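A.B. asks: TSV, C-alpha atoms, file entry.tsv:
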chain	number	residue	atom	x	y	z
Z	20	MET	CA	5.89	-24.75	2.40
Z	21	ARG	CA	6.95	-22.04	-0.05
Z	22	LEU	CA	4.87	-18.85	-0.12
Z	23	LEU	CA	4.90	-15.91	-2.50
Z	24	HIS	CA	3.82	-12.78	-0.60
Z	25	THR	CA	2.64	-9.73	-2.54
Z	26	SER	CA	0.22	-6.86	-1.94
Z	27	ASP	CA	-1.00	-3.43	-3.03
Z	28	TRP	CA	-1.51	-4.09	-6.74
Z	29	HIS	CA	-3.83	-1.05	-7.04
Z	30	LEU	CA	-5.18	-2.26	-10.36
Z	31	GLY	CA	-6.61	0.67	-12.29
Z	32	ARG	CA	-4.36	3.31	-10.75
Z	33	ALA	CA	-2.43	5.79	-12.90
Z	34	PHE	CA	0.95	7.36	-12.17
Z	35	HIS	CA	0.76	11.13	-12.70
Z	36	ARG	CA	-1.74	10.62	-15.54
Z	37	VAL	CA	0.28	7.77	-17.07
Z	38	ASN	CA	-1.92	4.71	-17.61
Z	39	MET	CA	-0.28	1.86	-15.68
Z	40	LEU	CA	-2.52	-0.96	-16.89
Z	41	GLY	CA	0.12	-2.33	-19.27
Z	42	ALA	CA	2.73	-2.34	-16.50
Z	43	GLN	CA	0.23	-3.97	-14.14
Z	44	ALA	CA	-0.44	-6.69	-16.72
Z	45	GLU	CA	3.32	-7.22	-17.06
Z	46	PHE	CA	3.55	-7.62	-13.30
Z	47	ILE	CA	0.76	-10.24	-13.30
Z	48	GLY	CA	2.66	-12.16	-15.96
Z	49	HIS	CA	5.82	-11.94	-13.83
Z	50	LEU	CA	3.89	-13.14	-10.77
Z	51	VAL	CA	2.59	-16.20	-12.62
Z	52	SER	CA	6.06	-16.97	-14.00
Z	53	THR	CA	7.58	-16.67	-10.51
Z	54	VAL	CA	5.02	-19.11	-9.09
Z	55	ARG	CA	5.90	-21.60	-11.78
Z	56	GLU	CA	9.70	-21.16	-11.78
Z	57	HIS	CA	10.14	-21.19	-8.00
Z	58	ASP	CA	7.73	-24.06	-7.23
Z	59	VAL	CA	5.54	-21.84	-5.04
Z	60	ASP	CA	3.00	-23.71	-2.89
Z	61	ALA	CA	0.70	-20.77	-2.10
Z	62	VAL	CA	0.29	-17.13	-3.18
Z	63	LEU	CA	-0.61	-14.49	-0.58
Z	64	VAL	CA	-2.11	-11.13	-1.61
Z	65	SER	CA	-2.42	-8.78	1.37
Z	66	GLY	CA	-5.00	-6.29	0.16
Z	67	ASP	CA	-5.52	-3.26	-2.09
Z	68	VAL	CA	-6.08	-5.42	-5.12
Z	69	TYR	CA	-7.88	-2.48	-6.72
Z	70	ASP	CA	-7.20	1.22	-6.34
Z	71	ARG	CA	-10.78	2.21	-5.61
Z	72	ALA	CA	-14.08	0.74	-4.52
Z	73	VAL	CA	-15.56	0.82	-8.05
Z	74	PRO	CA	-12.65	-0.01	-10.35
Z	75	PRO	CA	-12.67	0.57	-14.12
Z	76	LEU	CA	-13.70	-2.37	-16.30
Z	77	ALA	CA	-10.18	-2.84	-17.66
Z	78	ALA	CA	-8.88	-3.33	-14.11
Z	79	VAL	CA	-11.61	-5.88	-13.35
Z	80	GLU	CA	-10.72	-7.77	-16.54
Z	81	LEU	CA	-7.04	-7.83	-15.55
Z	82	PHE	CA	-7.95	-9.16	-12.10
Z	83	ASP	CA	-10.13	-11.83	-13.71
Z	84	ASP	CA	-7.23	-12.81	-15.97
Z	85	ALA	CA	-4.89	-13.04	-12.96
Z	86	LEU	CA	-7.31	-15.33	-11.10
Z	87	HIS	CA	-7.72	-17.62	-14.09
Z	88	ARG	CA	-3.96	-17.89	-14.60
Z	89	LEU	CA	-3.32	-18.63	-10.92
Z	90	ALA	CA	-6.13	-21.21	-10.83
Z	91	ASP	CA	-4.73	-22.89	-13.96
Z	92	LEU	CA	-1.42	-23.39	-12.14
Z	93	GLY	CA	-3.23	-25.34	-9.42
Z	94	VAL	CA	-1.47	-23.25	-6.76
Z	95	PRO	CA	-3.78	-21.98	-3.98
Z	96	THR	CA	-4.11	-18.23	-3.53
Z	97	VAL	CA	-5.21	-16.51	-0.32
Z	98	MET	CA	-6.27	-12.89	-0.76
Z	99	ILE	CA	-7.73	-10.20	1.51
Z	100	SER	CA	-9.35	-6.84	0.84
Z	101	GLY	CA	-7.51	-3.61	1.67
Z	102	ASN	CA	-8.63	-0.10	2.55
Z	103	HIS	CA	-8.85	0.87	-1.15
Z	104	ASP	CA	-11.01	-2.14	-2.04
Z	105	SER	CA	-14.75	-2.51	-1.65
Z	106	ALA	CA	-14.72	-5.61	0.53
Z	107	ARG	CA	-18.24	-6.63	-0.49
Z	108	ARG	CA	-17.56	-6.24	-4.21
Z	109	LEU	CA	-14.22	-8.03	-4.07
Z	110	GLY	CA	-15.83	-10.85	-2.10
Z	111	VAL	CA	-18.60	-11.54	-4.61
Z	112	GLY	CA	-18.30	-15.14	-5.74
Z	113	ALA	CA	-15.79	-16.01	-3.02
Z	114	GLY	CA	-17.43	-19.37	-2.29
Z	115	LEU	CA	-17.29	-20.43	-5.92
Z	116	MET	CA	-13.73	-19.16	-6.37
Z	117	GLY	CA	-12.67	-21.13	-3.32
Z	118	ARG	CA	-13.46	-24.32	-5.20
Z	119	ALA	CA	-10.85	-23.29	-7.76
Z	120	GLY	CA	-8.25	-22.63	-5.06
Z	121	ILE	CA	-8.71	-18.84	-4.94
Z	122	HIS	CA	-9.57	-18.03	-1.32
Z	123	LEU	CA	-10.92	-14.50	-0.84
Z	124	ARG	CA	-11.21	-13.20	2.71
Z	125	THR	CA	-13.16	-9.93	2.78
Z	126	ASP	CA	-15.63	-10.40	5.66
Z	127	PRO	CA	-14.48	-9.54	9.22
Z	128	LYS	CA	-16.65	-12.40	10.49
Z	129	THR	CA	-14.22	-14.90	8.93
Z	130	CYS	CA	-11.06	-13.70	10.71
Z	131	GLY	CA	-10.96	-16.85	12.84
Z	132	THR	CA	-11.78	-19.24	9.98
Z	133	PRO	CA	-8.59	-20.25	8.21
Z	134	VAL	CA	-7.77	-21.74	4.86
Z	135	VAL	CA	-5.88	-24.89	5.79
Z	136	LEU	CA	-3.29	-26.20	3.35
Z	137	ALA	CA	-1.03	-29.19	3.88
Z	138	ASP	CA	2.50	-30.18	2.96
Z	139	ASP	CA	4.67	-33.16	3.92
Z	140	HIS	CA	5.02	-31.81	7.46
Z	141	GLY	CA	1.33	-31.26	8.23
Z	142	GLY	CA	-1.10	-28.39	8.06
Z	143	VAL	CA	-0.62	-24.66	7.67
Z	144	ALA	CA	-3.56	-22.46	8.71
Z	145	PHE	CA	-3.89	-19.20	6.74
Z	146	TYR	CA	-5.98	-16.53	8.49
Z	147	GLY	CA	-7.13	-13.63	6.33
Z	148	LEU	CA	-7.79	-10.39	8.21
Z	149	PRO	CA	-9.28	-7.95	5.69
Z	150	TYR	CA	-8.77	-4.25	6.29
Z	151	LEU	CA	-10.73	-3.53	9.48
Z	152	GLU	CA	-12.20	0.00	9.49
Z	153	PRO	CA	-12.52	0.46	13.29
Z	154	ALA	CA	-15.80	2.41	13.31
Z	155	LEU	CA	-17.51	-0.20	11.13
Z	156	VAL	CA	-16.27	-3.43	12.73
Z	157	LYS	CA	-15.82	-2.65	16.42
Z	158	ASP	CA	-19.30	-3.85	17.43
Z	159	GLY	CA	-18.98	-7.11	15.51
Z	160	LEU	CA	-15.61	-7.75	17.12
Z	161	GLY	CA	-16.86	-6.83	20.60
Z	162	VAL	CA	-14.63	-3.75	20.96
Z	163	ASP	CA	-15.82	-0.79	23.04
Z	164	LYS	CA	-13.81	2.00	21.39
Z	165	ALA	CA	-12.90	2.31	17.72
Z	166	GLY	CA	-9.17	2.04	17.12
Z	167	HIS	CA	-6.86	0.03	14.86
Z	168	GLU	CA	-4.99	-1.69	17.66
Z	169	ALA	CA	-8.20	-2.68	19.45
Z	170	VAL	CA	-9.93	-4.22	16.42
Z	171	LEU	CA	-6.79	-6.02	15.24
Z	172	ALA	CA	-6.21	-7.36	18.76
Z	173	ALA	CA	-9.78	-8.67	18.82
Z	174	ALA	CA	-9.37	-10.29	15.41
Z	175	MET	CA	-6.09	-11.87	16.51
Z	176	GLY	CA	-7.90	-13.18	19.59
Z	177	GLN	CA	-10.17	-15.11	17.23
Z	178	VAL	CA	-7.13	-16.38	15.34
Z	179	ARG	CA	-5.42	-17.64	18.50
Z	180	ALA	CA	-8.63	-19.23	19.76
Z	181	ASP	CA	-9.03	-21.21	16.53
Z	182	LEU	CA	-5.35	-22.10	16.37
Z	183	ALA	CA	-5.57	-23.56	19.88
Z	184	THR	CA	-8.09	-26.11	18.58
Z	185	ARG	CA	-5.79	-27.29	15.78
Z	186	ALA	CA	-3.52	-30.32	15.87
Z	187	PRO	CA	-0.20	-29.78	17.66
Z	188	GLY	CA	2.44	-28.58	15.23
Z	189	THR	CA	-0.01	-26.74	12.97
Z	190	ARG	CA	1.85	-23.78	11.51
Z	191	SER	CA	0.09	-20.45	11.06
Z	192	VAL	CA	0.15	-17.49	8.69
Z	193	VAL	CA	-1.84	-14.25	9.08
Z	194	LEU	CA	-2.59	-11.85	6.23
Z	195	ALA	CA	-3.40	-8.32	7.39
Z	196	HIS	CA	-3.74	-4.85	5.89
Z	197	ALA	CA	-2.52	-2.28	8.41
Z	198	PHE	CA	0.11	0.31	9.31
Z	199	VAL	CA	2.43	-1.46	11.76
Z	200	THR	CA	4.79	0.51	14.00
Z	201	GLY	CA	8.26	0.71	12.50
Z	202	GLY	CA	7.00	0.77	8.93
Z	203	GLU	CA	8.07	3.57	6.58
Z	204	PRO	CA	5.18	5.16	4.66
Z	205	SER	CA	5.27	6.91	1.28
Z	206	ASP	CA	3.08	9.59	-0.28
Z	207	SER	CA	0.86	7.15	-2.18
Z	208	GLU	CA	-0.95	5.36	0.66
Z	209	ARG	CA	-4.37	6.56	1.73
Z	210	ASP	CA	-4.38	7.85	5.30
Z	211	ILE	CA	-6.01	5.39	7.73
Z	212	THR	CA	-5.43	7.42	10.90
Z	213	VAL	CA	-8.18	6.85	13.46
Z	214	GLY	CA	-8.35	8.64	16.79
Z	215	GLY	CA	-5.10	10.39	15.97
Z	216	VAL	CA	-3.30	7.02	15.71
Z	217	ALA	CA	-2.43	5.17	12.49
Z	218	ALA	CA	0.14	2.58	13.57
Z	219	VAL	CA	-0.33	-0.58	15.61
Z	220	PRO	CA	2.48	-2.45	17.40
Z	221	ALA	CA	3.85	-5.59	15.78
Z	222	GLY	CA	3.21	-7.39	19.08
Z	223	VAL	CA	-0.49	-7.52	18.18
Z	224	PHE	CA	0.44	-10.41	15.87
Z	225	ASP	CA	2.46	-12.45	18.38
Z	226	GLY	CA	1.89	-16.18	18.33
Z	227	VAL	CA	1.87	-16.94	14.60
Z	228	ASP	CA	4.67	-18.10	12.36
Z	229	TYR	CA	4.44	-15.49	9.61
Z	230	VAL	CA	2.55	-12.20	9.18
Z	231	ALA	CA	1.99	-11.18	5.55
Z	232	LEU	CA	1.28	-7.46	5.69
Z	233	GLY	CA	-0.10	-5.04	3.13
Z	234	HIS	CA	-0.73	-1.27	3.00
Z	235	LEU	CA	2.74	0.34	2.97
Z	236	HIS	CA	4.22	0.62	-0.52
Z	237	GLY	CA	7.87	0.02	0.36
Z	238	CYS	CA	9.25	-3.50	0.86
Z	239	GLN	CA	10.10	-3.75	4.57
Z	240	THR	CA	11.02	-6.21	7.29
Z	241	ILE	CA	9.36	-5.16	10.55
Z	242	ALA	CA	10.59	-8.36	12.22
Z	243	GLU	CA	11.84	-11.66	10.86
Z	244	ARG	CA	8.27	-13.00	10.83
Z	245	VAL	CA	6.50	-9.70	10.00
Z	246	ARG	CA	7.00	-8.24	6.50
Z	247	TYR	CA	5.61	-5.91	3.87
Z	248	PRO	CA	6.36	-6.71	0.21
Z	249	GLY	CA	5.30	-3.21	-0.84
Z	250	SER	CA	3.52	-2.33	-4.07
Z	251	PRO	CA	4.87	-4.00	-7.23
Z	252	LEU	CA	4.83	-0.65	-9.07
Z	253	PRO	CA	5.51	2.96	-8.00
Z	254	TYR	CA	2.55	5.26	-7.46
Z	255	SER	CA	4.34	8.41	-6.25
Z	256	PHE	CA	7.76	10.00	-6.66
Z	257	SER	CA	8.35	9.41	-2.95
Z	258	GLU	CA	8.98	5.79	-4.05
Z	259	ALA	CA	11.95	6.77	-6.24
Z	260	GLY	CA	14.32	4.94	-3.90
Z	261	HIS	CA	12.20	1.79	-3.64
Z	262	ARG	CA	13.26	-1.57	-5.00
Z	263	LYS	CA	9.93	-3.08	-6.03
Z	264	SER	CA	9.70	-6.74	-5.13
Z	265	MET	CA	7.79	-9.66	-3.61
Z	266	TRP	CA	8.78	-11.93	-0.73
Z	267	LEU	CA	9.50	-15.60	-1.44
Z	268	VAL	CA	9.02	-17.14	2.01
Z	269	ASP	CA	9.94	-20.67	3.07
Z	270	LEU	CA	8.16	-22.02	6.15
Z	271	ASP	CA	9.93	-25.10	7.46
Z	272	ALA	CA	8.51	-28.04	9.41
Z	273	GLY	CA	8.93	-26.21	12.72
Z	274	GLY	CA	7.56	-22.88	11.50
Z	275	ALA	CA	10.94	-21.16	11.04
Z	276	VAL	CA	10.97	-18.51	8.31
Z	277	THR	CA	13.49	-17.70	5.61
Z	278	ALA	CA	12.70	-15.04	3.02
Z	279	GLU	CA	14.14	-13.85	-0.29
Z	280	ARG	CA	13.20	-10.81	-2.35
Z	281	ILE	CA	12.03	-11.36	-5.92
Z	282	ASP	CA	12.34	-8.20	-7.99
Z	283	CYS	CA	9.39	-6.93	-10.04
Z	284	PRO	CA	9.63	-5.57	-13.60
Z	285	VAL	CA	10.47	-1.86	-13.79
Z	286	PRO	CA	8.41	-0.11	-16.48
Z	287	ARG	CA	10.57	3.02	-16.26
Z	288	PRO	CA	12.93	4.30	-13.53
Z	289	LEU	CA	11.94	7.26	-11.34
Z	290	ALA	CA	14.15	10.30	-10.88
Z	291	ARG	CA	13.83	13.37	-8.68
Z	292	ILE	CA	16.08	16.18	-9.91
Z	293	ARG	CA	16.60	19.62	-8.42
Z	294	GLY	CA	18.23	22.84	-9.52
Z	295	THR	CA	17.79	25.87	-11.73
Z	296	LEU	CA	16.22	25.22	-15.11
Z	297	GLU	CA	19.40	26.08	-17.02
Z	298	GLY	CA	21.43	23.93	-14.65
Z	299	LEU	CA	19.18	20.90	-15.14
Z	300	LEU	CA	19.25	21.29	-18.91
Z	301	ALA	CA	23.06	21.47	-18.98
Z	302	ASP	CA	24.18	19.07	-16.22
Z	303	PRO	CA	25.92	16.04	-17.82
Z	304	ALA	CA	25.48	14.03	-14.61
Z	305	LEU	CA	21.73	13.88	-15.30
Z	306	ARG	CA	22.15	11.97	-18.58
Z	307	PRO	CA	21.08	8.64	-16.98
Z	308	HIS	CA	17.68	10.21	-16.16
Z	309	GLU	CA	16.81	11.26	-19.69
Z	310	GLU	CA	14.58	8.20	-20.16
Z	311	SER	CA	13.23	8.16	-16.61
Z	312	TRP	CA	9.92	9.42	-15.27
Z	313	VAL	CA	11.07	12.72	-13.80
Z	314	GLU	CA	9.96	15.01	-11.00
Z	315	ALA	CA	11.86	18.28	-11.41
Z	316	THR	CA	12.14	20.84	-8.62
Z	317	LEU	CA	13.17	24.24	-9.94
Z	318	THR	CA	15.07	26.55	-7.61
Z	319	ASP	CA	15.14	29.63	-9.89
Z	320	ALA	CA	14.44	32.84	-7.97
Z	321	VAL	CA	12.11	33.92	-10.81
Z	322	ARG	CA	9.87	31.35	-12.45
Z	323	PRO	CA	11.25	30.61	-15.95
Z	324	THR	CA	9.18	30.81	-19.13
Z	325	ASP	CA	7.71	27.51	-20.42
Z	326	PRO	CA	9.69	25.37	-17.96
Z	327	MET	CA	7.81	22.12	-18.63
Z	328	ALA	CA	8.23	22.37	-22.42
Z	329	ARG	CA	11.93	23.15	-22.08
Z	330	LEU	CA	12.50	20.31	-19.60
Z	331	ALA	CA	10.67	17.91	-21.90
Z	332	GLU	CA	13.20	18.58	-24.66
Z	333	ARG	CA	15.85	16.83	-22.58
Z	334	PHE	CA	13.66	14.78	-20.23
Z	335	PRO	CA	10.66	13.76	-22.40
Z	336	HIS	CA	9.05	11.80	-19.55
Z	337	THR	CA	8.86	14.68	-17.08
Z	338	LEU	CA	5.61	14.20	-15.16
Z	339	SER	CA	5.84	16.57	-12.21
Z	340	LEU	CA	7.15	20.11	-11.86
Z	341	VAL	CA	7.71	21.72	-8.44
Z	342	PHE	CA	8.84	25.29	-7.77
Z	343	ASP	CA	11.00	25.86	-4.71
Z	344	PRO	CA	12.98	29.06	-5.25
Z	345	GLU	CA	16.11	29.46	-3.20
Z	346	ARG	CA	15.62	32.29	-0.74
Z	347	VAL	CA	18.08	34.60	0.89
Z	348	PRO	CA	18.41	34.40	4.69
Z	349	GLY	CA	15.62	36.22	6.50
Z	350	GLU	CA	13.01	35.77	3.77
Z	351	PRO	CA	9.76	33.97	4.64
Z	352	ALA	CA	10.47	30.33	4.16
Z	353	VAL	CA	8.36	27.77	2.43
Z	354	SER	CA	5.27	27.69	0.27
Z	355	TYR	CA	1.86	26.73	1.58
Z	356	ALA	CA	2.11	23.33	-0.14
Z	357	ARG	CA	5.50	22.68	1.48
Z	358	ARG	CA	4.16	23.68	4.90
Z	359	LEU	CA	1.39	21.10	4.52
Z	360	ALA	CA	3.61	18.29	3.24
Z	361	GLY	CA	3.60	15.29	5.54
Z	362	ARG	CA	1.01	16.75	7.91
Z	363	SER	CA	-2.19	14.94	8.82
Z	364	ASP	CA	-5.69	16.41	8.43
Z	365	GLN	CA	-5.83	16.72	12.22
Z	366	GLU	CA	-2.59	18.71	12.36
Z	367	ILE	CA	-3.70	21.02	9.54
Z	368	ALA	CA	-7.02	21.70	11.28
Z	369	GLU	CA	-5.26	22.42	14.58
Z	370	ASP	CA	-2.88	24.81	12.81
Z	371	PHE	CA	-5.89	26.61	11.31
Z	372	VAL	CA	-7.47	27.04	14.74
Z	373	THR	CA	-4.17	28.46	16.02
Z	374	HIS	CA	-3.95	30.84	13.06
Z	375	VAL	CA	-7.46	32.31	13.36
Z	376	ARG	CA	-7.67	32.39	17.16
Z	377	GLY	CA	-4.11	32.99	18.21
Z	378	ALA	CA	-4.05	29.90	20.44
Z	379	GLY	CA	-4.17	26.21	19.65
Z	380	PRO	CA	-7.08	23.89	20.50
Z	381	ASP	CA	-7.24	22.46	24.00
Z	382	ALA	CA	-7.55	18.73	24.70
Z	383	HIS	CA	-11.34	18.77	24.44
Z	384	GLU	CA	-11.25	20.62	21.11
Z	385	GLN	CA	-8.61	18.26	19.79
Z	386	ALA	CA	-10.90	15.35	20.64
Z	387	VAL	CA	-13.83	17.04	18.85
Z	388	LEU	CA	-11.72	17.50	15.71
Z	389	ARG	CA	-10.47	13.91	15.92
Z	390	ASP	CA	-14.01	12.54	16.26
Z	391	ALA	CA	-15.13	14.64	13.29
Z	392	PHE	CA	-12.38	13.32	11.03
Z	393	ASP	CA	-13.05	9.73	12.15
Z	394	ALA	CA	-16.77	10.18	11.42
Z	395	VAL	CA	-16.04	11.49	7.92
Z	396	ARG	CA	-13.69	8.57	7.23
Z	397	ALA	CA	-16.27	6.05	8.42
Z	398	ASP	CA	-19.01	7.74	6.38
Z	399	GLU	CA	-16.84	7.57	3.25
Z	400	ALA	CA	-16.27	3.86	3.86
Z	401	VAL	CA	-20.02	3.25	4.25
Z	402	ARG	CA	-20.79	5.19	1.05
Z	403	GLU	CA	-18.15	3.24	-0.89
Z	404	VAL	CA	-19.70	-0.03	0.21
Z	405	ALA	CA	-23.17	1.20	-0.77
Z	406	ARG	CA	-22.18	2.27	-4.30
Using structure tokens, write down the structure that the file contains.
C.D. replies:
Amino acid sequence: MRLLHTSDWHLGRAFHRVNMLGAQAEFIGHLVSTVREHDVDAVLVSGDVYDRAVPPLAAVELFDDALHRLADLGVPTVMISGNHDSARRLGVGAGLMGRAGIHLRTDPKTCGTPVVLADDHGGVAFYGLPYLEPALVKDGLGVDKAGHEAVLAAAMGQVRADLATRAPGTRSVVLAHAFVTGGEPSDSERDITVGGVAAVPAGVFDGVDYVALGHLHGCQTIAERVRYPGSPLPYSFSEAGHRKSMWLVDLDAGGAVTAERIDCPVPRPLARIRGTLEGLLADPALRPHEESWVEATLTDAVRPTDPMARLAERFPHTLSLVFDPERVPGEPAVSYARRLAGRSDQEIAEDFVTHVRGAGPDAHEQAVLRDAFDAVRADEAVREVAR
């Protein structure tokens, strides 16, 4: 059985104020063409279909168009909700859509209920594990303490229990939206850290033939049977080195996996350039970036006059301007923004406690901060669902 694995469409999201809807529509067209040209048997979409719980109308219309085009091909699609989606909204009409071959899995109660498709070698059971916000689903999954590993392990317990009732030789595929250990994040994913821990071990998914992951925006192979396709479009300059693609996965009669990357259309290349303003304007080596979306980091000791306007004369698609003046040895180092880069909310809060008190939080205080951040995250998820 041939599968096309994609995720993290983020329909409705902009890139540094650039409307990406046209590029997203181009990607949908490319997806449909790939299904047709490569004789795909099933499409897998591993969450974050939309960029927010209440997407703009244009994004909903594009999603509707994508579903109609996929249904017209007669190729089944299995799709789960991600942490950016409103699971309840995305799941509206799921029963009716299922009759057209579009199988939406947005309810944690359905983790152990697969979509079963067949080929010449028998059945393949597709289990959709929507994004599982630990604080909201732990009771339903029978988990004592909220945590990503615990709730995913419980959901996978349901998967294995159902799979054990299937005919011998039934192959299995799991769709999940999670941060799996070994994955490389970028700046454009929403933090899902709970209890100070974001990542779960790949071993949670042992026992199935293929794990179609979503959440991280870079295409990655965690293990031969565990993969992220990444987002089809860039949503931060940290993705400048990404090759945007989908996975074309072949599942043979015995459940062995082979996978090939299918490149996605590139609306415009990304470039991160660094130097003094005059240097950037004069450097001939930067000519290939003149039509790219550009993030420029200026190292001038004194901030130049009208830097964005002057950069735009050579690089008309400059979207981001960062100031990082080169400092002489012994000077105080980095800016506040640079000091915060890559740090979690928990780490920033602990640094603040250290700054105002002169000593960092003890273990009990760290736990109080962690519980507070988890409560806020859970409350935000509840309010998004209620909108």
A.B. asks: Excluding stretch 120-136 of chain Z and any residue of its chain fewer than 3 positions from it, enumerate the residues within 6 Å of it, using all atoms listed in the file, and give them as a list of chain:residue names.
C.D. replies: Z:Pro95, Z:Thr96, Z:Val97, Z:Met98, Z:Ile99, Z:Ser100, Z:Ala106, Z:Gly110, Z:Ala113, Z:Met116, Z:Gly117, Z:Gly142, Z:Val143, Z:Ala144, Z:Phe145, Z:Tyr146, Z:Gly147, Z:Leu148, Z:Pro149, Z:Gln177, Z:Val178
A.B. asks: Please identify all polymer residues within 8 Å of stretch 199-202 of chain Z, counting all atoms listed in the file, omitting same-chain residues fewer than 2 positions from it, and present them as a ChimeraX atom specification.
C.D. replies: /Z:197,204,218-221,235,239,241
A.B. asks: Restricting it to C-alpha atoms, dump the selection as a PDB file, in the frame of the given file.
C.D. replies:
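Result saved to result15.pdb:
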ATOM      1  CA  ALA Z 197      -2.520  -2.280   8.410  1.00  0.00           C
ATOM      2  CA  PRO Z 204       5.180   5.160   4.660  1.00  0.00           C
ATOM      3  CA  ALA Z 218       0.140   2.580  13.570  1.00  0.00           C
ATOM      4  CA  VAL Z 219      -0.330  -0.580  15.610  1.00  0.00           C
ATOM      5  CA  PRO Z 220       2.480  -2.450  17.400  1.00  0.00           C
ATOM      6  CA  ALA Z 221       3.850  -5.590  15.780  1.00  0.00           C
ATOM      7  CA  LEU Z 235       2.740   0.340   2.970  1.00  0.00           C
ATOM      8  CA  GLN Z 239      10.100  -3.750   4.570  1.00  0.00           C
ATOM      9  CA  ILE Z 241       9.360  -5.160  10.550  1.00  0.00           C
TER      10      ILE Z 241
END
A.B. asks: For the atom pair atom CA of Z:Phe34 and atom CA of Z:Ile292, what is the interatomic distance in Å to one decimal place?
C.D. replies: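 Atom-to-atom, atom CA of Z:Phe34 and atom CA of Z:Ile292 are spaced 17.7 Å apart.
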A.B. asks: So which residues are close to (14.4, 32.3, -8.8), meaning at most 12 Å away in the file's coordinates with all atoms listed in the file counted, and can you show them as a ChimeraX atom specification?
C.D. replies: /Z:294-297,316-324,342-347
A.B. asks: Atom CA of Z:Trp266 and atom CA of Z:Leu182, how far apart in Å?
C.D. replies: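 Spanning atom CA of Z:Leu182 to atom CA of Z:Trp266 is a straight-line distance of 24.4 Å.
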A.B. asks: Which one is closest to Z:Arg389: Z:Met39, Z:Ala44, Z:Met327, Z:Ala165? Count all atoms listed in the file.
C.D. replies: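 That would be Z:Ala165, the residue with the smallest distance to Z:Arg389.
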A.B. asks: Excluding stretch 66-68 of chain Z and its own-chain neighbours fewer than 6 positions away, which residues fall within 6 Å of it when counting all atoms listed in the file? Please give them as a list in words.
C.D. replies: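 The residues that qualify are Ser26, Asp27, Trp28, His29, Ile99, Ser100, Gly101, His103, Asp104 and Gly233 of chain Z.
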A.B. asks: Just checking: using all atoms listed in the file, which residue out of Z:Pro253, Z:Pro335, Z:Gly166, Z:Gly141 ends up closest to Z:Pro286?
C.D. replies: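 Looking at the shortest contact to Z:Pro286, the residue is Z:Pro253.
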A.B. asks: To one decimal place, how far is atom CA of Z:Pro284 from atom CA of Z:Phe46 in Å?
C.D. replies: 6.4 Å
A.B. asks: Would you mind listing what lies within 10 Å of Z:Gly176 as a compact mmCIF listing (two decimals) with C-alpha atoms, in the coordinates of the input, with all atoms listed in the file counted and same-chain residues fewer than 3 positions away left out?
C.D. replies:
# COMPACT_ATOMS: atom_id res chain seq x y z
CA CYS Z 130 -11.06 -13.70 10.71
CA GLY Z 131 -10.96 -16.85 12.84
CA LEU Z 160 -15.61 -7.75 17.12
CA VAL Z 170 -9.93 -4.22 16.42
CA LEU Z 171 -6.79 -6.02 15.24
CA ALA Z 172 -6.21 -7.36 18.76
CA ALA Z 173 -9.78 -8.67 18.82
CA ARG Z 179 -5.42 -17.64 18.50
CA ALA Z 180 -8.63 -19.23 19.76
CA ASP Z 181 -9.03 -21.21 16.53
CA LEU Z 182 -5.35 -22.10 16.37
CA VAL Z 223 -0.49 -7.52 18.18
CA PHE Z 224 0.44 -10.41 15.87
A.B. asks: With distances taken over all atoms listed in the file, which residue among Z:Asp370, Z:Thr53, Z:Gln43, Z:Ser65 lies nearest Z:Arg280?
C.D. replies: Z:Thr53
A.B. asks: Could you list, as a PyMOL selection string, every residue within 12 Å of Z:Glu80, counting all atoms listed in the file and ignoring same-chain residues fewer than 5 positions away?
C.D. replies: chain Z and resi 30-31+40+43-44+69+74-75+85-87
